[in-house]
>>> print(open('run_24.pdb').read())   # PDB, C-alpha atoms and all ligand atoms
ATOM      1  CA  MET A 135    -130.617  59.550 -48.586  1.00  0.00           C
ATOM      2  CA  ALA A 136    -128.774  59.168 -45.293  1.00  0.00           C
ATOM      3  CA  TYR A 137    -126.204  61.019 -43.223  1.00  0.00           C
ATOM      4  CA  CYS A 138    -123.640  59.384 -40.984  1.00  0.00           C
ATOM      5  CA  PHE A 139    -121.667  61.168 -38.230  1.00  0.00           C
ATOM      6  CA  ILE A 140    -118.606  60.003 -36.307  1.00  0.00           C
ATOM      7  CA  SER A 141    -115.921  61.664 -34.187  1.00  0.00           C
ATOM      8  CA  ASP A 142    -112.995  61.025 -31.846  1.00  0.00           C
ATOM      9  CA  LEU A 143    -111.557  57.936 -33.465  1.00  0.00           C
ATOM     10  CA  HIS A 144    -108.132  59.000 -32.197  1.00  0.00           C
ATOM     11  CA  LEU A 145    -106.452  56.742 -34.769  1.00  0.00           C
ATOM     12  CA  GLN A 146    -102.916  55.777 -33.729  1.00  0.00           C
ATOM     13  CA  GLU A 147    -100.422  53.009 -34.396  1.00  0.00           C
ATOM     14  CA  GLU A 148    -100.828  51.831 -30.784  1.00  0.00           C
ATOM     15  CA  LYS A 149    -104.457  50.843 -31.328  1.00  0.00           C
ATOM     16  CA  PRO A 150    -104.618  48.750 -34.498  1.00  0.00           C
ATOM     17  CA  GLU A 151    -108.010  47.332 -33.521  1.00  0.00           C
ATOM     18  CA  VAL A 152    -109.570  50.815 -33.797  1.00  0.00           C
ATOM     19  CA  THR A 153    -107.989  51.362 -37.219  1.00  0.00           C
ATOM     20  CA  GLU A 154    -109.345  47.961 -38.300  1.00  0.00           C
ATOM     21  CA  ALA A 155    -112.803  48.877 -37.017  1.00  0.00           C
ATOM     22  CA  PHE A 156    -112.689  52.175 -38.931  1.00  0.00           C
ATOM     23  CA  LEU A 157    -111.579  50.532 -42.175  1.00  0.00           C
ATOM     24  CA  SER A 158    -114.368  47.994 -41.977  1.00  0.00           C
ATOM     25  CA  PHE A 159    -116.830  50.768 -41.076  1.00  0.00           C
ATOM     26  CA  LEU A 160    -115.810  52.587 -44.266  1.00  0.00           C
ATOM     27  CA  ASP A 161    -116.421  49.367 -46.211  1.00  0.00           C
ATOM     28  CA  SER A 162    -119.867  48.796 -44.753  1.00  0.00           C
ATOM     29  CA  THR A 163    -121.959  51.346 -42.852  1.00  0.00           C
ATOM     30  CA  ALA A 164    -120.340  54.466 -44.337  1.00  0.00           C
ATOM     31  CA  ARG A 165    -120.913  53.197 -47.876  1.00  0.00           C
ATOM     32  CA  GLU A 166    -124.662  53.103 -47.266  1.00  0.00           C
ATOM     33  CA  ALA A 167    -124.669  56.819 -46.443  1.00  0.00           C
ATOM     34  CA  GLN A 168    -124.494  59.575 -49.021  1.00  0.00           C
ATOM     35  CA  HIS A 169    -122.684  61.882 -46.615  1.00  0.00           C
ATOM     36  CA  LEU A 170    -120.152  61.012 -43.934  1.00  0.00           C
ATOM     37  CA  TYR A 171    -119.179  63.681 -41.392  1.00  0.00           C
ATOM     38  CA  ILE A 172    -116.065  63.224 -39.256  1.00  0.00           C
ATOM     39  CA  LEU A 173    -116.416  65.739 -36.433  1.00  0.00           C
ATOM     40  CA  GLY A 174    -112.827  66.009 -35.287  1.00  0.00           C
ATOM     41  CA  ASP A 175    -110.037  63.947 -33.753  1.00  0.00           C
ATOM     42  CA  LEU A 176    -109.896  61.403 -36.531  1.00  0.00           C
ATOM     43  CA  PHE A 177    -106.229  61.120 -35.537  1.00  0.00           C
ATOM     44  CA  GLU A 178    -104.753  61.075 -32.047  1.00  0.00           C
ATOM     45  CA  VAL A 179    -102.048  63.417 -33.265  1.00  0.00           C
ATOM     46  CA  TRP A 180    -101.365  65.275 -36.522  1.00  0.00           C
ATOM     47  CA  ILE A 181     -98.181  67.310 -36.830  1.00  0.00           C
ATOM     48  CA  GLY A 182     -98.585  68.372 -40.450  1.00  0.00           C
ATOM     49  CA  ASP A 183     -99.640  66.982 -43.823  1.00  0.00           C
ATOM     50  CA  ASP A 184     -95.982  66.415 -44.739  1.00  0.00           C
ATOM     51  CA  PHE A 185     -95.587  63.803 -41.995  1.00  0.00           C
ATOM     52  CA  LYS A 186     -95.981  60.420 -43.676  1.00  0.00           C
ATOM     53  CA  SER A 187     -96.857  57.217 -41.877  1.00  0.00           C
ATOM     54  CA  GLU A 188     -98.266  53.849 -42.819  1.00  0.00           C
ATOM     55  CA  LEU A 189    -101.396  54.708 -40.886  1.00  0.00           C
ATOM     56  CA  SER A 190    -102.024  58.008 -42.655  1.00  0.00           C
ATOM     57  CA  HIS A 191    -101.365  56.373 -46.015  1.00  0.00           C
ATOM     58  CA  LEU A 192    -103.871  53.599 -45.322  1.00  0.00           C
ATOM     59  CA  ILE A 193    -106.568  56.033 -44.186  1.00  0.00           C
ATOM     60  CA  LYS A 194    -105.986  58.374 -47.149  1.00  0.00           C
ATOM     61  CA  GLU A 195    -106.390  55.559 -49.689  1.00  0.00           C
ATOM     62  CA  LYS A 196    -109.531  54.285 -48.045  1.00  0.00           C
ATOM     63  CA  LEU A 197    -111.183  57.709 -47.785  1.00  0.00           C
ATOM     64  CA  LEU A 198    -110.379  58.434 -51.399  1.00  0.00           C
ATOM     65  CA  LEU A 199    -111.934  55.144 -52.456  1.00  0.00           C
ATOM     66  CA  LEU A 200    -115.074  55.838 -50.419  1.00  0.00           C
ATOM     67  CA  LYS A 201    -115.452  59.244 -52.017  1.00  0.00           C
ATOM     68  CA  ALA A 202    -114.889  57.791 -55.510  1.00  0.00           C
ATOM     69  CA  THR A 203    -117.421  54.998 -55.095  1.00  0.00           C
ATOM     70  CA  SER A 204    -120.278  56.127 -52.908  1.00  0.00           C
ATOM     71  CA  THR A 205    -120.005  58.793 -50.237  1.00  0.00           C
ATOM     72  CA  SER A 206    -119.065  62.465 -49.852  1.00  0.00           C
ATOM     73  CA  VAL A 207    -116.835  62.902 -46.843  1.00  0.00           C
ATOM     74  CA  PHE A 208    -116.655  66.044 -44.691  1.00  0.00           C
ATOM     75  CA  ALA A 209    -114.375  66.653 -41.752  1.00  0.00           C
ATOM     76  CA  MET A 210    -113.820  69.161 -38.981  1.00  0.00           C
ATOM     77  CA  HIS A 211    -110.702  69.802 -36.950  1.00  0.00           C
ATOM     78  CA  GLY A 212    -110.524  68.346 -33.457  1.00  0.00           C
ATOM     79  CA  ASN A 213    -108.227  69.495 -30.676  1.00  0.00           C
ATOM     80  CA  ARG A 214    -105.733  66.767 -31.612  1.00  0.00           C
ATOM     81  CA  ASP A 215    -105.716  66.976 -35.387  1.00  0.00           C
ATOM     82  CA  PHE A 216    -106.269  70.715 -35.905  1.00  0.00           C
ATOM     83  CA  LEU A 217    -103.172  70.810 -38.120  1.00  0.00           C
ATOM     84  CA  ILE A 218    -104.861  68.790 -40.860  1.00  0.00           C
ATOM     85  CA  GLY A 219    -104.440  70.998 -43.889  1.00  0.00           C
ATOM     86  CA  GLU A 220    -105.225  71.462 -47.542  1.00  0.00           C
ATOM     87  CA  ARG A 221    -102.887  68.761 -48.766  1.00  0.00           C
ATOM     88  CA  PHE A 222    -104.546  66.070 -46.664  1.00  0.00           C
ATOM     89  CA  CYS A 223    -107.943  67.218 -47.928  1.00  0.00           C
ATOM     90  CA  GLU A 224    -106.760  67.029 -51.537  1.00  0.00           C
ATOM     91  CA  ASP A 225    -105.214  63.604 -50.991  1.00  0.00           C
ATOM     92  CA  THR A 226    -108.408  62.212 -49.493  1.00  0.00           C
ATOM     93  CA  GLY A 227    -111.101  64.153 -51.318  1.00  0.00           C
ATOM     94  CA  ILE A 228    -112.608  65.302 -48.039  1.00  0.00           C
ATOM     95  CA  THR A 229    -114.097  68.747 -47.542  1.00  0.00           C
ATOM     96  CA  LEU A 230    -112.948  70.568 -44.424  1.00  0.00           C
ATOM     97  CA  LEU A 231    -115.709  72.366 -42.512  1.00  0.00           C
ATOM     98  CA  ASP A 232    -115.560  75.295 -40.117  1.00  0.00           C
ATOM     99  CA  ASP A 233    -116.430  74.718 -36.485  1.00  0.00           C
ATOM    100  CA  PRO A 234    -119.312  75.374 -35.898  1.00  0.00           C
ATOM    101  CA  TYR A 235    -120.993  74.422 -39.165  1.00  0.00           C
ATOM    102  CA  LYS A 236    -124.708  74.887 -39.779  1.00  0.00           C
ATOM    103  CA  LEU A 237    -126.729  72.757 -42.163  1.00  0.00           C
ATOM    104  CA  ASP A 238    -130.251  71.619 -42.871  1.00  0.00           C
ATOM    105  CA  LEU A 239    -130.954  67.912 -42.317  1.00  0.00           C
ATOM    106  CA  PHE A 240    -134.393  66.884 -43.570  1.00  0.00           C
ATOM    107  CA  GLY A 241    -135.773  70.293 -42.640  1.00  0.00           C
ATOM    108  CA  LYS A 242    -134.080  70.315 -39.241  1.00  0.00           C
ATOM    109  CA  ALA A 243    -131.717  73.234 -38.617  1.00  0.00           C
ATOM    110  CA  THR A 244    -128.599  71.548 -37.261  1.00  0.00           C
ATOM    111  CA  LEU A 245    -125.239  72.667 -35.931  1.00  0.00           C
ATOM    112  CA  LEU A 246    -122.132  70.485 -36.112  1.00  0.00           C
ATOM    113  CA  MET A 247    -119.183  71.068 -33.773  1.00  0.00           C
ATOM    114  CA  HIS A 248    -116.181  69.185 -32.486  1.00  0.00           C
ATOM    115  CA  GLY A 249    -117.287  70.174 -28.980  1.00  0.00           C
ATOM    116  CA  ASP A 250    -114.150  71.639 -27.421  1.00  0.00           C
ATOM    117  CA  LEU A 251    -115.452  75.198 -27.882  1.00  0.00           C
ATOM    118  CA  LEU A 252    -118.346  74.316 -25.556  1.00  0.00           C
ATOM    119  CA  CYS A 253    -116.073  73.400 -22.637  1.00  0.00           C
ATOM    120  CA  THR A 254    -115.819  77.003 -21.493  1.00  0.00           C
ATOM    121  CA  LYS A 255    -114.859  76.120 -17.903  1.00  0.00           C
ATOM    122  CA  ASP A 256    -111.568  74.693 -19.141  1.00  0.00           C
ATOM    123  CA  VAL A 257    -109.880  78.081 -19.254  1.00  0.00           C
ATOM    124  CA  ASP A 258    -106.322  76.750 -19.754  1.00  0.00           C
ATOM    125  CA  TYR A 259    -107.390  74.721 -22.730  1.00  0.00           C
ATOM    126  CA  GLN A 260    -109.327  77.616 -24.297  1.00  0.00           C
ATOM    127  CA  GLU A 261    -106.183  79.735 -24.010  1.00  0.00           C
ATOM    128  CA  PHE A 262    -104.130  77.066 -25.749  1.00  0.00           C
ATOM    129  CA  ARG A 263    -106.827  76.752 -28.404  1.00  0.00           C
ATOM    130  CA  ASN A 264    -106.753  80.475 -29.137  1.00  0.00           C
ATOM    131  CA  MET A 265    -102.990  80.462 -29.387  1.00  0.00           C
ATOM    132  CA  SER A 266    -102.658  77.372 -31.555  1.00  0.00           C
ATOM    133  CA  ARG A 267    -105.398  78.327 -34.016  1.00  0.00           C
ATOM    134  CA  ASN A 268    -103.610  81.566 -34.785  1.00  0.00           C
ATOM    135  CA  PRO A 269    -102.288  81.408 -38.389  1.00  0.00           C
ATOM    136  CA  GLN A 270     -98.879  82.724 -37.289  1.00  0.00           C
ATOM    137  CA  TRP A 271     -98.469  80.007 -34.608  1.00  0.00           C
ATOM    138  CA  ARG A 272     -99.576  77.428 -37.119  1.00  0.00           C
ATOM    139  CA  LYS A 273     -97.108  78.615 -39.721  1.00  0.00           C
ATOM    140  CA  GLU A 274     -94.210  78.693 -37.276  1.00  0.00           C
ATOM    141  CA  PHE A 275     -95.019  75.233 -35.966  1.00  0.00           C
ATOM    142  CA  LEU A 276     -95.341  73.714 -39.432  1.00  0.00           C
ATOM    143  CA  ASN A 277     -92.022  75.242 -40.473  1.00  0.00           C
ATOM    144  CA  LYS A 278     -90.125  73.394 -37.742  1.00  0.00           C
ATOM    145  CA  PRO A 279     -88.340  70.137 -38.594  1.00  0.00           C
ATOM    146  CA  ILE A 280     -90.518  67.033 -38.220  1.00  0.00           C
ATOM    147  CA  GLU A 281     -88.469  65.656 -35.287  1.00  0.00           C
ATOM    148  CA  GLU A 282     -88.971  68.871 -33.349  1.00  0.00           C
ATOM    149  CA  ARG A 283     -92.688  68.885 -34.106  1.00  0.00           C
ATOM    150  CA  GLU A 284     -92.928  65.286 -32.897  1.00  0.00           C
ATOM    151  CA  ARG A 285     -91.185  66.193 -29.645  1.00  0.00           C
ATOM    152  CA  MET A 286     -93.432  69.224 -29.103  1.00  0.00           C
ATOM    153  CA  ALA A 287     -96.585  67.258 -29.845  1.00  0.00           C
ATOM    154  CA  GLU A 288     -95.564  64.520 -27.419  1.00  0.00           C
ATOM    155  CA  ALA A 289     -94.851  67.086 -24.685  1.00  0.00           C
ATOM    156  CA  LEU A 290     -98.221  68.739 -25.296  1.00  0.00           C
ATOM    157  CA  ARG A 291     -99.928  65.362 -25.168  1.00  0.00           C
ATOM    158  CA  LEU A 292     -98.354  64.492 -21.821  1.00  0.00           C
ATOM    159  CA  ASP A 293     -99.160  67.956 -20.421  1.00  0.00           C
ATOM    160  CA  SER A 294    -102.749  67.657 -21.486  1.00  0.00           C
ATOM    161  CA  LYS A 295    -103.041  64.143 -20.036  1.00  0.00           C
ATOM    162  CA  GLU A 296    -101.674  65.335 -16.717  1.00  0.00           C
ATOM    163  CA  ALA A 297    -103.921  68.396 -16.682  1.00  0.00           C
ATOM    164  CA  THR A 298    -106.948  66.278 -17.571  1.00  0.00           C
ATOM    165  CA  ASN A 299    -106.276  63.973 -14.623  1.00  0.00           C
ATOM    166  CA  LEU A 300    -106.188  66.954 -12.266  1.00  0.00           C
ATOM    167  CA  LYS A 301    -109.262  68.697 -13.618  1.00  0.00           C
ATOM    168  CA  LYS A 302    -112.680  68.087 -12.133  1.00  0.00           C
ATOM    169  CA  ASP A 303    -115.093  66.082 -14.222  1.00  0.00           C
ATOM    170  CA  GLU A 304    -117.437  69.021 -14.822  1.00  0.00           C
ATOM    171  CA  ILE A 305    -114.623  71.170 -16.216  1.00  0.00           C
ATOM    172  CA  MET A 306    -114.129  68.597 -18.946  1.00  0.00           C
ATOM    173  CA  ASP A 307    -117.778  68.689 -20.041  1.00  0.00           C
ATOM    174  CA  VAL A 308    -119.712  71.281 -22.000  1.00  0.00           C
ATOM    175  CA  THR A 309    -121.436  74.037 -20.055  1.00  0.00           C
ATOM    176  CA  PRO A 310    -125.221  74.343 -20.506  1.00  0.00           C
ATOM    177  CA  GLU A 311    -124.786  78.112 -21.011  1.00  0.00           C
ATOM    178  CA  ALA A 312    -122.423  77.626 -23.951  1.00  0.00           C
ATOM    179  CA  VAL A 313    -124.807  75.102 -25.535  1.00  0.00           C
ATOM    180  CA  GLU A 314    -127.788  77.410 -25.174  1.00  0.00           C
ATOM    181  CA  GLU A 315    -125.852  80.410 -26.434  1.00  0.00           C
ATOM    182  CA  ILE A 316    -124.561  78.772 -29.593  1.00  0.00           C
ATOM    183  CA  MET A 317    -127.854  77.048 -30.436  1.00  0.00           C
ATOM    184  CA  THR A 318    -129.686  80.363 -30.002  1.00  0.00           C
ATOM    185  CA  LEU A 319    -127.137  82.287 -32.037  1.00  0.00           C
ATOM    186  CA  HIS A 320    -127.393  79.870 -34.966  1.00  0.00           C
ATOM    187  CA  ASN A 321    -131.097  79.249 -34.467  1.00  0.00           C
ATOM    188  CA  VAL A 322    -130.903  75.446 -34.559  1.00  0.00           C
ATOM    189  CA  GLU A 323    -132.957  72.663 -32.995  1.00  0.00           C
ATOM    190  CA  LEU A 324    -130.260  70.005 -33.181  1.00  0.00           C
ATOM    191  CA  LEU A 325    -126.616  70.099 -32.077  1.00  0.00           C
ATOM    192  CA  ILE A 326    -124.266  67.222 -32.872  1.00  0.00           C
ATOM    193  CA  HIS A 327    -120.783  67.099 -31.361  1.00  0.00           C
ATOM    194  CA  GLY A 328    -118.118  64.832 -29.897  1.00  0.00           C
ATOM    195  CA  HIS A 329    -114.973  65.603 -27.891  1.00  0.00           C
ATOM    196  CA  THR A 330    -116.249  64.928 -24.354  1.00  0.00           C
ATOM    197  CA  HIS A 331    -116.401  61.147 -24.866  1.00  0.00           C
ATOM    198  CA  ARG A 332    -119.807  61.128 -23.177  1.00  0.00           C
ATOM    199  CA  PRO A 333    -122.107  59.597 -25.811  1.00  0.00           C
ATOM    200  CA  LYS A 334    -125.714  60.485 -25.118  1.00  0.00           C
ATOM    201  CA  VAL A 335    -128.889  61.953 -26.584  1.00  0.00           C
ATOM    202  CA  HIS A 336    -129.927  64.993 -24.536  1.00  0.00           C
ATOM    203  CA  SER A 337    -133.400  66.468 -24.821  1.00  0.00           C
ATOM    204  CA  LEU A 338    -133.500  70.166 -24.018  1.00  0.00           C
ATOM    205  CA  GLU A 339    -135.426  73.340 -24.570  1.00  0.00           C
ATOM    206  CA  ILE A 340    -133.956  76.301 -26.360  1.00  0.00           C
ATOM    207  CA  ASN A 341    -136.107  79.391 -25.943  1.00  0.00           C
ATOM    208  CA  GLU A 342    -139.065  77.180 -25.033  1.00  0.00           C
ATOM    209  CA  ILE A 343    -138.690  75.119 -28.196  1.00  0.00           C
ATOM    210  CA  PRO A 344    -137.853  71.404 -27.889  1.00  0.00           C
ATOM    211  CA  ALA A 345    -134.310  70.706 -29.058  1.00  0.00           C
ATOM    212  CA  GLN A 346    -131.725  67.956 -28.960  1.00  0.00           C
ATOM    213  CA  ARG A 347    -128.006  67.670 -28.325  1.00  0.00           C
ATOM    214  CA  ILE A 348    -126.502  64.409 -29.504  1.00  0.00           C
ATOM    215  CA  VAL A 349    -123.010  63.606 -28.266  1.00  0.00           C
ATOM    216  CA  LEU A 350    -120.902  61.090 -30.181  1.00  0.00           C
ATOM    217  CA  GLY A 351    -118.625  58.713 -28.287  1.00  0.00           C
ATOM    218  CA  ASP A 352    -114.943  58.075 -28.825  1.00  0.00           C
ATOM    219  CA  TRP A 353    -113.820  54.908 -30.573  1.00  0.00           C
ATOM    220  CA  ASP A 354    -112.190  52.700 -27.985  1.00  0.00           C
ATOM    221  CA  LYS A 355    -114.242  49.751 -26.766  1.00  0.00           C
ATOM    222  CA  SER A 356    -117.017  50.684 -29.193  1.00  0.00           C
ATOM    223  CA  ALA A 357    -117.477  52.455 -32.480  1.00  0.00           C
ATOM    224  CA  TRP A 358    -120.067  55.205 -32.048  1.00  0.00           C
ATOM    225  CA  TYR A 359    -121.977  56.798 -34.887  1.00  0.00           C
ATOM    226  CA  ILE A 360    -125.163  58.669 -35.658  1.00  0.00           C
ATOM    227  CA  TRP A 361    -127.300  57.434 -38.494  1.00  0.00           C
ATOM    228  CA  MET A 362    -129.859  59.878 -39.841  1.00  0.00           C
ATOM    229  CA  ASP A 363    -132.357  59.312 -42.624  1.00  0.00           C
ATOM    230  CA  ASN A 364    -135.799  60.727 -43.352  1.00  0.00           C
ATOM    231  CA  LYS A 365    -137.368  58.379 -40.796  1.00  0.00           C
ATOM    232  CA  SER A 366    -135.092  58.572 -37.778  1.00  0.00           C
ATOM    233  CA  CYS A 367    -131.946  59.865 -36.157  1.00  0.00           C
ATOM    234  CA  GLU A 368    -130.164  57.401 -33.900  1.00  0.00           C
ATOM    235  CA  LEU A 369    -126.980  57.201 -31.872  1.00  0.00           C
ATOM    236  CA  LYS A 370    -125.557  53.724 -32.423  1.00  0.00           C
ATOM    237  CA  GLU A 371    -122.772  51.627 -30.928  1.00  0.00           C
ATOM    238  CA  LEU A 372    -120.850  48.729 -32.436  1.00  0.00           C
ATOM    239  CA  PRO A 373    -118.440  46.688 -30.312  1.00  0.00           C
ATOM    240  CA  ILE A 374    -114.776  46.837 -31.317  1.00  0.00           C
ATOM    241  CA  ALA A 375    -113.172  43.397 -31.174  1.00  0.00           C
TER     242      ALA A 375
HETATM  243 MN    MN A 401    -111.405  66.201 -28.906  1.00  0.00          MN
END
>>> encode(input="run_24.pdb", output="structure tokens", more="lines below")
Ligand code: MN
Amino acid sequence: MAYCFISDLHLQEEKPEVTEAFLSFLDSTAREAQHLYILGDLFEVWIGDDFKSELSHLIKEKLLLLKATSTSVFAMHGNRDFLIGERFCEDTGITLLDDPYKLDLFGKATLLMHGDLLCTKDVDYQEFRNMSRNPQWRKEFLNKPIEERERMAEALRLDSKEATNLKKDEIMDVTPEAVEEIMTLHNVELLIHGHTHRPKVHSLEINEIPAQRIVLGDWDKSAWYIWMDNKSCELKELPIA
């Protein structure tokens, strides 16, 4: 029995080497796990399940095959692909999870998150998040023609890039207060998330009890994943050619 966690692949046509790395990961490492968790930002952009591309088709087929042959696949929305909906989940056989999501891993109370909710100093982004996760906003956006959605998504992407360049480094990271608060609220000793692109295993104390926060890396130069079985829990890195 093993669990595998990944996040922030940011799959896009412009980076075929990352798509290749993901497809081969699904053929190898992921197949050895019974459960694969994709903790957000599988895609760089997602403007609705009705938008068809070669990339999305390829990924759908592969995920469906993985599910059919060996591995249950779970996914969470990221800040880039939060418009993934029911149809995509049906087409791929993945189960969509809430953020945060609590589960028990070999007796360890664990919380899974994308990670954006923990960046509480990024006030502008949190405002956008609140607005865009509203069902009414979502419905209105998804009802627009595809070309308009593409234009809006591109504008948002450029805005966010520009804002990110102007923001101080610490604003883009999680705040220790938010980590402590959510781990206390859910009473967990392990938190796994991505989003910040700062892969690391952090040892901490939550209410005087030893705890861990493991941050997944984004897939760019390397493929990052966490492998957890009954013997160990490790953050691993594979080079992307
Ligand atoms: Mn993200």
>>> resolve_selection(input="run_24.pdb", expression="the PyMOL selection byres (((not hetatm)) within 10 of (chain A and resi 401))", output="list in words")
Ser141, Asp142, Leu143, His144, Leu173, Gly174, Asp175, Leu176, Phe177, Glu178, His211, Gly212, Asn213, Arg214, Asp215, Phe216, His248, Gly249, Asp250, Leu251, His327, Gly328, His329, Thr330, His331 and Asp352 of chain A
>>> residues_around(input="run_24.pdb", residues="Leu252 of chain A", least_positions_apart="4", cutoff="7 Å", atoms="only C-alpha atoms", output="NGL selection string")
:A and (308-309 or 312-313)
>>> resolve_selection(input="run_24.pdb", expression="the PyMOL selection byres (((chain A and resi 269-285) around 12) and not hetatm)", output="PyMOL selection string")
chain A and resi 179-186+216-219+262-268+286-292
>>> residues_around(input="run_24.pdb", residues="Asp258 of chain A", least_positions_apart="3", cutoff="12 Å", atoms="only C-alpha atoms", output="list in words")
Cys253, Thr254, Lys255, Glu261, Phe262, Arg263, Asn264, Met265, Asp293, Ser294, Ala297, Thr298, Lys301, Ile305 and Met306 of chain A
>>> write_last_selection(input="run_24.pdb", atoms="C-alpha atoms", output="PDB file, keeping the file's coordinate frame")
ATOM      1  CA  CYS A 253    -116.073  73.400 -22.637  1.00  0.00           C
ATOM      2  CA  THR A 254    -115.819  77.003 -21.493  1.00  0.00           C
ATOM      3  CA  LYS A 255    -114.859  76.120 -17.903  1.00  0.00           C
ATOM      4  CA  GLU A 261    -106.183  79.735 -24.010  1.00  0.00           C
ATOM      5  CA  PHE A 262    -104.130  77.066 -25.749  1.00  0.00           C
ATOM      6  CA  ARG A 263    -106.827  76.752 -28.404  1.00  0.00           C
ATOM      7  CA  ASN A 264    -106.753  80.475 -29.137  1.00  0.00           C
ATOM      8  CA  MET A 265    -102.990  80.462 -29.387  1.00  0.00           C
ATOM      9  CA  ASP A 293     -99.160  67.956 -20.421  1.00  0.00           C
ATOM     10  CA  SER A 294    -102.749  67.657 -21.486  1.00  0.00           C
ATOM     11  CA  ALA A 297    -103.921  68.396 -16.682  1.00  0.00           C
ATOM     12  CA  THR A 298    -106.948  66.278 -17.571  1.00  0.00           C
ATOM     13  CA  LYS A 301    -109.262  68.697 -13.618  1.00  0.00           C
ATOM     14  CA  ILE A 305    -114.623  71.170 -16.216  1.00  0.00           C
ATOM     15  CA  MET A 306    -114.129  68.597 -18.946  1.00  0.00           C
TER      16      MET A 306
END
>>> atom_distance(input="run_24.pdb", atom1="atom CA of Leu239 of chain A", atom2="atom CA of Thr318 of chain A")
17.6 Å
>>> resolve_selection(input="run_24.pdb", expression="the PyMOL selection byres (((chain A and resi 332-339) around 10) and not hetatm)", output="PDB file with C-alpha atoms, in the frame of the given file")
ATOM      1  CA  ASP A 307    -117.778  68.689 -20.041  1.00  0.00           C
ATOM      2  CA  PRO A 310    -125.221  74.343 -20.506  1.00  0.00           C
ATOM      3  CA  GLU A 314    -127.788  77.410 -25.174  1.00  0.00           C
ATOM      4  CA  GLU A 323    -132.957  72.663 -32.995  1.00  0.00           C
ATOM      5  CA  LEU A 324    -130.260  70.005 -33.181  1.00  0.00           C
ATOM      6  CA  LEU A 325    -126.616  70.099 -32.077  1.00  0.00           C
ATOM      7  CA  ILE A 326    -124.266  67.222 -32.872  1.00  0.00           C
ATOM      8  CA  HIS A 327    -120.783  67.099 -31.361  1.00  0.00           C
ATOM      9  CA  GLY A 328    -118.118  64.832 -29.897  1.00  0.00           C
ATOM     10  CA  HIS A 329    -114.973  65.603 -27.891  1.00  0.00           C
ATOM     11  CA  THR A 330    -116.249  64.928 -24.354  1.00  0.00           C
ATOM     12  CA  HIS A 331    -116.401  61.147 -24.866  1.00  0.00           C
ATOM     13  CA  ILE A 340    -133.956  76.301 -26.360  1.00  0.00           C
ATOM     14  CA  ASN A 341    -136.107  79.391 -25.943  1.00  0.00           C
ATOM     15  CA  GLU A 342    -139.065  77.180 -25.033  1.00  0.00           C
ATOM     16  CA  ILE A 343    -138.690  75.119 -28.196  1.00  0.00           C
ATOM     17  CA  PRO A 344    -137.853  71.404 -27.889  1.00  0.00           C
ATOM     18  CA  ALA A 345    -134.310  70.706 -29.058  1.00  0.00           C
ATOM     19  CA  GLN A 346    -131.725  67.956 -28.960  1.00  0.00           C
ATOM     20  CA  ARG A 347    -128.006  67.670 -28.325  1.00  0.00           C
ATOM     21  CA  ILE A 348    -126.502  64.409 -29.504  1.00  0.00           C
ATOM     22  CA  VAL A 349    -123.010  63.606 -28.266  1.00  0.00           C
ATOM     23  CA  LEU A 350    -120.902  61.090 -30.181  1.00  0.00           C
ATOM     24  CA  GLY A 351    -118.625  58.713 -28.287  1.00  0.00           C
ATOM     25  CA  ASP A 352    -114.943  58.075 -28.825  1.00  0.00           C
ATOM     26  CA  TRP A 358    -120.067  55.205 -32.048  1.00  0.00           C
ATOM     27  CA  TYR A 359    -121.977  56.798 -34.887  1.00  0.00           C
ATOM     28  CA  GLU A 368    -130.164  57.401 -33.900  1.00  0.00           C
ATOM     29  CA  LEU A 369    -126.980  57.201 -31.872  1.00  0.00           C
ATOM     30  CA  LYS A 370    -125.557  53.724 -32.423  1.00  0.00           C
ATOM     31  CA  GLU A 371    -122.772  51.627 -30.928  1.00  0.00           C
TER      32      GLU A 371
END
>>> residues_around(input="run_24.pdb", residues="Cys223 of chain A", least_positions_apart="2", cutoff="12 Å", atoms="only C-alpha atoms", output="PyMOL selection string")
chain A and resi 183+193-195+197-198+201+207-211+217-221+225-231
>>> atom_distance(input="run_24.pdb", atom1="atom CA of Gln168 of chain A", atom2="atom CA of Lys196 of chain A")
15.9 Å
>>> residues_near_point(input="run_24.pdb", point="(-116.0, 54.3, -37.0)", cutoff="6 Å", atoms="only C-alpha atoms", output="list in words")
Phe156, Phe159 and Ala357 of chain A
>>> closest_residue(input="run_24.pdb", among="A:Leu157, A:Leu319, A:Met247, A:Met135", to="Tyr171 of chain A", atoms="only C-alpha atoms")
A:Met247
>>> residues_around(input="run_24.pdb", residues="Cys138 of chain A", least_positions_apart="4", cutoff="7 Å", atoms="all atoms listed in the file", output="list in words")
Ala164, Ala167, His169, Leu170, Tyr171, Tyr359, Ile360, Trp361 and Met362 of chain A
>>> closest_residue(input="run_24.pdb", among="A:Trp353, A:Asp303, A:Leu199, A:Ser158", to="Leu145 of chain A", atoms="only C-alpha atoms")
A:Trp353
>>> residues_around(input="run_24.pdb", residues="Ser356 of chain A", least_positions_apart="4", cutoff="6 Å", atoms="all atoms listed in the file", output="number ranges by chain")
A: 372-374
>>> closest_residue(input="run_24.pdb", among="A:Thr203, A:Thr153, A:Ser187, A:Ser366", to="Arg165 of chain A", atoms="only C-alpha atoms")
A:Thr203
>>> atom_distance(input="run_24.pdb", atom1="atom CA of Thr163 of chain A", atom2="atom CA of Ala202 of chain A")
15.9 Å
>>> closest_residue(input="run_24.pdb", among="A:Lys295, A:Glu188, A:Asp232, A:Gly241", to="Tyr259 of chain A", atoms="all atoms listed in the file")
A:Lys295
>>> closest_residue(input="run_24.pdb", among="A:Ala136, A:Leu189, A:Leu300, A:Ala375", to="Phe240 of chain A", atoms="all atoms listed in the file")
A:Ala136
